[in-house]
Structures are given as C-alpha cells and as structure tokens.
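Visitor: Let me give you the structure first, and then I'll get to my questions.
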Amino acid sequence: MKIELSAHDSHHELLSKYLGQLNEEVTAETEIMVIAGDWAHQIAYNKHCQIFNKRFQKKPWAIIYCKHKVDVVIAYRLAVALKLPVRIRAGGHDHEGECIDTNAILIDVSRMDVVDVDKNGLATIGPGNIFKNLTTKLADEDVMIPHGTCATVGISGFIMGGGWGPWTRKYGMCCERLMGVDIVLGNGHSAIINADGDNVPDLLWALRGGGPMSYGLVTEFRIQTFPLPKVLIRFNLDWNLYPDEFCDEPTCSYPTIQVLKAWENVIESDQTSRLIGTNLQVNGKPASGDSFDYETVCHNCRMYGYWEGDEDSLNAFIEEWFKGVEPNHIDINPNHGGTESNSAYGDQLMSDWARVSYHKVLEARYRNGENVTVESEEHRQLLLEGKPLPPDYDDPAPHKITSRLVDSQGLGNEGYKAFLQSLTSELILEGNRKLGLFTYVTLGAIVGDYYRENPEGGNSAFPYKNKLYTIQYQTWWNTHESEAKEKQNNYVYNRTNRALDWMEVARDYNIPNTSGAFISFKDSSIPTKTYFAHNYDELVRIKEDCVEDPYNHLRIRKSII
C-alpha cells in the first residue's frame with residue numbers, strides 16, 4: 001500500500017486521499033459515511049455518531065462500516081499510512097466515549113456479527129455482536145457464554161475489559177473463556193492467535209481482561225461456551241420500597257446494612273451454587289440533618305439474580321437465606337430460560353440489571369394527570385399497562401460511572417460506615433427521581449464457585465479475581481422521552497452538576513477495605529495503572545514487544561502505552 005504524502009497536505013486533502021483509496025479497495029458491502037453534506041445528511045450523520053453515553057457528542061471525519069475482516073485491515077492501514085487518528089466502535093458502550101473521537105477515522109465493526117458454534121462448543125463470534133442477539137443465537141444451540149447485563153452491549157469491549165455479568169459466580173469473568181482471536185496489529189498486519197491447552201500466548205493473555213484498543217483491532221473472537229442448564233430464572237428482590245415514584249425517601253423496613261450483610265452472606269457461601277450470579281442495587285438518597293447512623297440508615301435496595309433451578313427451589317432459597325430480612329417484594333420472571341424454554345433468551349433473560357428505569361416515574365406522572373411527552377401511541381399504551389418503554393433500560397442516555405472493588409476480607413464496620421455514608425449525601429437533591437435523575441450503586445458479585453475453585457482463573461490479565469464484589473457508582477439522567485418537548489428547558493439540568501459532584505466525591509471517598517477500579521466501568525480521572533493493578537507493567541511489556549505499534553496509533557486515554 002503506497003500513498004504519496006506531502007508535508008503541506010491539509011486535513012481536507014488527507015481525507016480526500018483516504019476516501020479515494022478506500023473506495024477503490026474495500027468490498028462492496030462496506031458503507032462509508034463522511035461528515036460533509038447537506039442538512040438532511042447532517043441529521044443522519046449525527047445519528048450514526050451517537051454512542052451510548054450521550055454526554056459525549058463527537059464527530060469523526062468518516063465512519064467506515066465494515067462487514068468483512070479485510071475491510072478492517074484496509075481501513076486501518078490506510079489511516080496509518082496517512083497518519084490519521086483511528087478509533088474503533090462495536091457496541092458503542094464505552095462510558096467515557098473513547099470508542100469515537102472528533103477529527104478521526106471511525107472503524108465500525110457492528111455489522112460483523114457472525115456466530116458459529118462447533119461440535120466442541122467453541123463459538124466463533126464476530127466483534128459486532130450485541131448480547132441481545134448473541135445470547136439468543138447461542139441459546140438456540142443450547143450453549144452460553146458468561147455475558148453481561150445490558151442487552152445492547154457488544155462482545156468486544158466487554159470481554160477485553162474482563163466481562164462481569166450474571167454468570168460470574170459460576171463461570172468467572174467472560175475473558176477466562178477466550179481461546180483465540182483474529183486481530184489486526186499496530187502495523188496493519190493480521191495475526192491469528194490461539195491458546196494451546198494451558199499455553200496462552202502473551203498477546204492473548206493481555207486480551208483476556210487487559211482492556212480494549214491497546215493491542216489491536218479484533219476481527220474475530222473464539223470463546224469456549226458452556227452447556228445451558230435446563231431451567232434458568234431471572235428474579236429480583238426489593239427492600240425499603242418507595243411510597244410512590246416521586247418520593248426520594250424510602251419506607252424503612254430494614255436498615256441497609258442488614259440487607260447488605262444478608263446479600264454478602266449469600267455470595268460468600270459455598271452452599272449457594274445455584275445462584276449463578278447476582279448484583280445488589282442500592283439507591284442513594286438526600287442527607288437529612290447532621291446525624292448519620294450507619295446501623296439504622298435505610299436505602300431502597302434491589303437484588304437481581306440468575307437462579308439455576310425451578311421456582312420452588314428459588315423460593316426455598318429466598319426463605320432460607322433472607323430470614324429476618326424478608327424482601328418487601330419478590331419478582332420472578334415468568335419467562336424462563338434454559339434448554340426447556342421456548343422463549344428468546346435475549347428478550348427474556350437480558351437487561352435491567354445495571355440501570356434504574358424511568359418508565360415507572362413517567363407512568364406515575366401520566367396517571368397523575370401531567371402532560372407527559374412520549375414518542376408514540378404504543379409508548380402511551382405501555383405506560384398505561386405499567387410496562388417499560390422500549391428500549392428504556394438500554395437506550396442511550398447521559399451518565400457518569402466510577403468504581404472500586406471490595407477486598408477479600410470484606411468491608412468491616414468502618415468500611416460499612418463509610419460506604420453507606422457515601423450514599424447519603426447533600427449533593428443528592430429532593431425531587432431528583434421525579435425528573436429522571438438517578439444516583440445509586442450496583443454491587444456485582446465476583447466471589448463464587450469459579451474463583452473459589454480456580455483462584456488464578458483461566459490465566460487471564462483480569463487482576464481482581466480475589467475481590468468479593470465490584471462497587472459501581474452511577475448517575476443517569478434519563479431525558480429521552482422528554483427531550484423532544486423540553487429540549488434545553490428541562491429542569492433536570494438544574495441538578496446534574498451536583499449529581500456529577502456526588503460522583504467525584506464518591507470516587508475519592510475513603511472506604512476502608514476497598515481498592516482498585518474496573519476498566520469496564522471506566523472513569524477517565526482514575527489512573528490507568530489502577531485499573532490493571534499488579535498486571536500493569538506486564539501489559540506495558542506486551543504492548544511494546546508484541547503489538548508492532550511504535551507510534552501508538554492504538555491508543556485512547558485509558559489504553560496501555
């Protein structure tokens with residue numbers, strides 16, 4: 001690939017050279033979108049630029065939708081030859097927006113969505129697969145991988161970031177099952193890398209939880225599946241319910257610490273193997289006065305879980321393990337998964353684990369006689385029926401996330417006190433929930449049979465195998481249904497700065513017996529080394545020795561350099 005370059009080439013001239021050569025070389029199925037065009041084109045282009053976190057609005061010079069591996073190679077090599085910056089996007093769920101950039105070439109692999117499972121259960125998976133579709137395809141073959149909790153997340157960033165989800169207690173992080181990849185290295189050359197039994201090449205080890213983008217552009221994943229159980233049930237348990245959807249103070253049934261300790265007892269026990277994965281969501285609330293007692297403070301709590309077995313065994317588990325802290329509400333999804341189910345796995349078993357839904361607030365406002373703007377009559381009917389607005393849980397929305405993990409010894413009394421105090425803040429304002437501004441944490445269980453039996457995991461770069469669980473602080477303002485009406489005249493914007501301040505305070509809060517941070521819950525203000533802990537220096541060495549990228553074309557703010 002030879003391209004004549006002049007030191008005086010403008011960005012416009014470089015882009016013209018790039019697009020001209022690209023159109024000559026890529027396959028006919030490749031779609032190319034450029035930033036230039038009339039107003040109708042600009043509107044369409046802006047939609048193609050949209051990523052999951054709507055806090056970030058970036059405009060690349062060109063978006064290259066690749067359908068085949070060769071197109072990724074061509075698009076990347078040409079960009080490097082012309083010294084143009086490159087980003088790659090699959091699901092678009094990077095919480096800091098690092099899958100896209102202004103004045104860059106965006107290589108989009110979302111249309112590379114092949115899924116094939118061989119007789120040994122090894123799945124060949126294209127990098128553009130999102131979990132709603134991928135899990136359904138795998139379940140149709142009676143197999144599964146340790147997927148995530150959000151239906152529209154793509155496999156690429158998920159598995160390279162580690163891959164926490166509702167199967168983690170039983171099967172570990174998804175990266176532990178990555179057996180091979182096809183990858184485009186920094187010099188534009190393709191490589192095929194496979195594990196050979198216990199022999200794991202350095203680059204494959206790094207791709208198992210060492211973060212996305214740093215080591216190349218993956219064009220194919222090979223992931224070892226596991227057999228899908230006969231019956232799989234998604235459920236949730238609620239404590240300290242809100243009196244109504246407008247209220248920010250829950251009705252106190254049990255102090256939060258009692259709920260938290262009960263959940264911790266469940267995940268740390270070796271007698272709860274059928275709970276294959278779980279997280280606990282704890283909603284933040286406004287501080288009331290100067291007094292704070294961590295042993296009596298109450299927050300709204302919800303436990304999500306995947307249960308391997310029938311409803312009778314699930315109910316027996318709930319009765320045994322939550323005696324004395326009985327849930328105020330139990331919701332068992334009637335549409336089960338597993339080999340005996342006829343339901344589409346991605347429709348019935350995915351989503352609504354990691355994000356508070358706005359639909360209940362909208363429904364309450366609608367029933368209260370307020371003029372609630374919805375997109376269609378179908379959505380209005382869903383509100384009346386009390387059903388989520390699609391894709392409420394998975395729709396792009398502005399948000400901020402940060403994280404840490406709980407050490408193996410547990411929080412202890414001082415840790416409990418600090419953690420619960422961080423969730424009771426004057427920066428969380430009365431009335432936030434009514435406006436669709438949500439501030440909360442989700443605690444994702446890591447401890448379980450897999451890492452108890454395999455302390456080193458499957459030989460991966462994921463550094464936090466010995467932690468009990470993740471702590472993911474989140475704030476979202478879900479303005480999707482009202483944007484069309486209010487636009488910038490939306491009262492939620494009087495409150496978002498303080499919610500973001502709460503995130504910064506939570507990030508820096510001194511909580512004993514916590515440490516680290518999880519790269520999939522990316523916060524650009526956390527030092528890169530913190531995400532990879534004791535593996536950081538080895539990942540730097542692998543980047544230098546194996547990736548053939550002396551100018552670090554494969555870089556984002558939180559990549560290995």
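Lettering and numbering for the structure tokens are positional, with chains as A, B, ... in the shown order, residues counted from 1 in each chain, and ligands counted from 1 in the shown order.
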Which neighbours of Lys69 of chain A fall inside 9 Å, counting only C-alpha atoms, when residues of the same chain fewer than 2 positions from it are skipped, and could you give them as number ranges by chain?

Guide: A: 66-67, 71-74, 112, 182, 184, 219-220

Visitor: Apply DSSP to the backbone of this structure and, from segment 178-215 of chain A, keep only the residues in helix (DSSP H, G or I); write these as number ranges by chain.

Guide: A: 202-207

Visitor: Output N, CA, C and O atoms for every residue in the selection just made, as an mmCIF file, in the first residue's frame.

Guide:
```cif
data_model
loop_
_atom_site.group_PDB
_atom_site.id
_atom_site.type_symbol
_atom_site.label_atom_id
_atom_site.label_comp_id
_atom_site.auth_asym_id
_atom_site.auth_seq_id
_atom_site.Cartn_x
_atom_site.Cartn_y
_atom_site.Cartn_z
ATOM 1 N N ASP A 202 1.319 -14.493 25.011
ATOM 2 C CA ASP A 202 1.272 -13.240 25.770
ATOM 3 C C ASP A 202 0.157 -12.319 25.292
ATOM 4 O O ASP A 202 -0.562 -11.721 26.114
ATOM 5 N N LEU A 203 0.014 -12.187 23.991
ATOM 6 C CA LEU A 203 -0.976 -11.246 23.471
ATOM 7 C C LEU A 203 -2.395 -11.696 23.806
ATOM 8 O O LEU A 203 -3.258 -10.865 24.124
ATOM 9 N N LEU A 204 -2.655 -12.994 23.762
ATOM 10 C CA LEU A 204 -3.973 -13.489 24.129
ATOM 11 C C LEU A 204 -4.219 -13.279 25.622
ATOM 12 O O LEU A 204 -5.332 -12.909 26.034
ATOM 13 N N TRP A 205 -3.189 -13.481 26.431
ATOM 14 C CA TRP A 205 -3.312 -13.215 27.874
ATOM 15 C C TRP A 205 -3.712 -11.769 28.102
ATOM 16 O O TRP A 205 -4.597 -11.467 28.916
ATOM 17 N N ALA A 206 -3.081 -10.834 27.378
ATOM 18 C CA ALA A 206 -3.386 -9.415 27.540
ATOM 19 C C ALA A 206 -4.813 -9.099 27.112
ATOM 20 O O ALA A 206 -5.484 -8.263 27.732
ATOM 21 N N LEU A 207 -5.279 -9.758 26.056
ATOM 22 C CA LEU A 207 -6.642 -9.524 25.579
ATOM 23 C C LEU A 207 -7.682 -10.088 26.544
ATOM 24 O O LEU A 207 -8.857 -9.710 26.480
#
```

Visitor: Record the distance separating atom CA of Asp312 of chain A and atom CA of Asn236 of chain A, expressed in Å with one decimal.

Guide: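 That distance, rounded to one decimal, is 15.2 Å.
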
Visitor: Write down as a PyMOL selection string the residues of segment 153-402 of chain A whose backbone DSSP state falls under strand (DSSP E or B).

Guide: chain A and resi 154+178-184+190-194+196+199+217-224+226-227+232-239+275-283+285-286+301-308+329-332+337+399-402

Visitor: What's around Leu437 of chain A at 12 Å? Count only C-alpha atoms, leave out sequence neighbours fewer than 6 positions away in its own chain, and write the answer as a PyMOL selection string.

Guide: chain A and resi 246+248+283-285+355-358+361+397-400+428-431+474-480+490-500

Visitor: May I ask for the distance between atom CA of Phe462 of chain A and atom CA of Leu232 of chain A, given in Å to one decimal place?

Guide: 27.2 Å

Visitor: From the set A:Glu29, A:Asp238, A:Glu98, A:Glu13, which residue has the shortest atom-to-atom contact distance to Asp523 of chain A, counting only C-alpha atoms?

Guide: A:Glu98

Visitor: Calculated over only C-alpha atoms, which of the candidates A:Asn432, A:Ser425, A:Thr470, A:Asn133 has the smallest distance to Leu411 of chain A?

Guide: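 Using only C-alpha atoms, the shortest distance to Leu411 of chain A belongs to A:Thr470.
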
Visitor: Take atom CA of Cys49 of chain A and atom CA of Met350 of chain A and report the distance between them in Å, one decimal.

Guide: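 Straight-line distance from atom CA of Cys49 of chain A to atom CA of Met350 of chain A works out to 25.3 Å.
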
Visitor: Excluding segment 46-48 of chain A and its own-chain neighbours fewer than 2 positions away, which residues fall within 10 Å of it when counting only C-alpha atoms? Please give them as a VMD selection string.

Guide: chain A and resid 33 35 41 to 44 50 to 51 57 to 59 63
